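Asks: Sharing a structure, written as structure tokens. Questions coming.
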Amino acid sequence: MRINNIKPNIYQRLANKIEKSPRLQNILKKVDSNPSLANGMFVCATAVLLKPTTIMAIPTKDKDSKEDAIYSSAKSIGTGFVDLAIAYLLFVPINKHLDKVGRKIFNEADSVYFHNKERCSAYKSIFNRVAKIALLPIFAWAKFAFITPLAERYKKYRSKHESK
Amino acid sequence: MKVNSIALGKRIQNFIKKTDSKEFYAKLDRNLPILETFSAGLCYCGAIQLQNNLPKERKPSLMWQAILGCIAGMSVSKALDGFINKHKELLCKELEKKNIPKVNNVIKGTRVFVPLVTSALVTRYAIPVILVPISSWLSKHFKKEKVVNLNKGVDNKKYLA
């Protein structure tokens, strides 16, 4: 078998693409420097653009299903914005602060963290997760608070366009 | 600094000391996302019931979406994690061979980006989109059943009278 005939697998092709594109490299470096913000932005783009358009494109038989689709899309849009706001306003500052604290407690002589990187990162990860779970009820309430106003707005917009 | 004082609290330090093993954190990493999804599902159900401005007719469908989303999220996330980790590492191995400036940062970014994109596309896009018609059908089905049972109750009352 000639070497030229061996096709590169999907990982090799992806790695080649990343090697050739400085833009992709920049994106990956930015994702590495701020993972929670990148997560928030990607989730927001999916929830605000991709998901509602797909839900509304699914054909429905009756009015009830159409209404359900409108409210589901509104929920998706609300969730996207609330998630991004939470990531930007809460978790980015919390992570930055935790990094600072991690560095401080690493040098704290009378503590279990003294020169122990694993314990410091364990504390950071536990704090982050516990904060997320503890704040869940507030996030959930905020996510569902925007559904009705968004759905009503969409209905008004649609009726205006249909009357024209 | 409040977080600093929390970290240096005696109870927290004891907890960190007691749980200082790789096995414990591996277990935690495996089970915490499931706990998070479950508690998120519970909170969503509670929030739907507590929202006064939501129309009553739309609540059952949204409830079904939250319940089914929670179940699907819990069952899919574990399998998805294993699948993503395997493929992510293969891609990172290929990237290590390439001549890319600051390759370590690119690899770290890839380790975050690949699971972020795949899990968001599966658990936050594909599953919820599939669940919309299913939850709509389920809410209608149970509404019909409720009406039939109510009618049966009315008939029984007439018969008893």
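Naming scheme: A, B, ... for chains in displayed order of the structure tokens; residues 1 onward per chain; ligands 1 onward as shown.
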Set out as a tab-separated table a contact list for chain A and chain B with a cut-off of 7 Å, giving each residue of chain A that qualifies its closest atom pair and distance in Å to one decimal, counting only C-alpha atoms, ordered by chain and rising residue number.

Replies:
```
residue	atom	partner	partner_atom	distance
A:Tyr11	CA	B:Leu91	CA	4.9
A:Gln12	CA	B:Glu94	CA	6.0
A:Ala15	CA	B:Leu95	CA	5.4
A:Glu19	CA	B:Ile100	CA	6.0
A:Gln25	CA	B:Val106	CA	6.1
A:Leu28	CA	B:Gly109	CA	4.5
A:Lys29	CA	B:Val106	CA	5.3
A:Val31	CA	B:Gly109	CA	5.3
A:Asp32	CA	B:Gly109	CA	4.1
A:Pro35	CA	B:Val112	CA	6.8
A:Asn39	CA	B:Leu116	CA	6.4
A:Val43	CA	B:Ala120	CA	6.4
A:Thr46	CA	B:Tyr125	CA	6.8
A:Lys51	CA	B:Tyr125	CA	5.9
A:Ile55	CA	B:Val129	CA	5.9
A:Ser65	CA	B:Ser136	CA	6.1
A:Asp68	CA	B:Arg58	CA	6.4
A:Ala69	CA	B:Val132	CA	6.8
A:Val101	CA	B:Asn4	CA	5.7
A:Ser111	CA	B:Leu8	CA	6.9
A:Val112	CA	B:Gln13	CA	6.2
A:Arg119	CA	B:Ile16	CA	6.7
A:Ile133	CA	B:Glu36	CA	6.3
A:Leu136	CA	B:Ala40	CA	6.4
A:Pro137	CA	B:Cys43	CA	5.3
A:Ala140	CA	B:Tyr44	CA	5.4
A:Trp141	CA	B:Ala47	CA	5.1
A:Phe144	CA	B:Ile48	CA	6.7
A:Ala145	CA	B:Gln51	CA	6.8
A:Thr148	CA	B:Leu54	CA	5.9
```

Asks: Give me the residues near Lys117 of chain A as a list in words, where near means some atom within 9 Å (using only C-alpha atoms) and where sequence neighbours in that chain fewer than 4 positions away do not count.

Replies: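 Near neighbours after the sequence-gap exclusion: Gly102, Phe106, Tyr113, Ser121 and Ala122 of chain A.
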
Asks: Keeping only N, CA and C atoms, write the selected residues as a PDB file, in the first residue's frame.

Replies:
```
ATOM      1  N   GLY A 102      -7.051  31.054  45.794  1.00  0.00           N
ATOM      2  CA  GLY A 102      -6.250  29.843  45.640  1.00  0.00           C
ATOM      3  C   GLY A 102      -4.773  30.125  45.813  1.00  0.00           C
ATOM      4  N   PHE A 106      -2.544  28.906  49.129  1.00  0.00           N
ATOM      5  CA  PHE A 106      -1.418  28.029  48.773  1.00  0.00           C
ATOM      6  C   PHE A 106      -0.190  28.371  49.637  1.00  0.00           C
ATOM      7  N   TYR A 113      -3.832  23.643  53.008  1.00  0.00           N
ATOM      8  CA  TYR A 113      -3.544  23.940  51.596  1.00  0.00           C
ATOM      9  C   TYR A 113      -2.074  24.263  51.338  1.00  0.00           C
ATOM     10  N   SER A 121      -7.084  23.341  44.413  1.00  0.00           N
ATOM     11  CA  SER A 121      -8.021  23.228  43.283  1.00  0.00           C
ATOM     12  C   SER A 121      -9.286  22.479  43.696  1.00  0.00           C
ATOM     13  N   ALA A 122      -9.143  21.549  44.676  1.00  0.00           N
ATOM     14  CA  ALA A 122     -10.327  20.849  45.183  1.00  0.00           C
ATOM     15  C   ALA A 122     -11.264  21.837  45.862  1.00  0.00           C
TER      16      ALA A 122
END
```

Asks: Report, in Å to a single decimal, how far apart atom CA of Ser125 of chain A and atom CA of Lys27 of chain B are.

Replies: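 That distance, rounded to one decimal, is 13.5 Å.
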
Asks: Between B:Leu150, B:Ala26, B:Ile84, B:Ile127, single out the one closest to Cys70 of chain B, counting only C-alpha atoms.

Replies: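 Closest candidate: B:Ile127.
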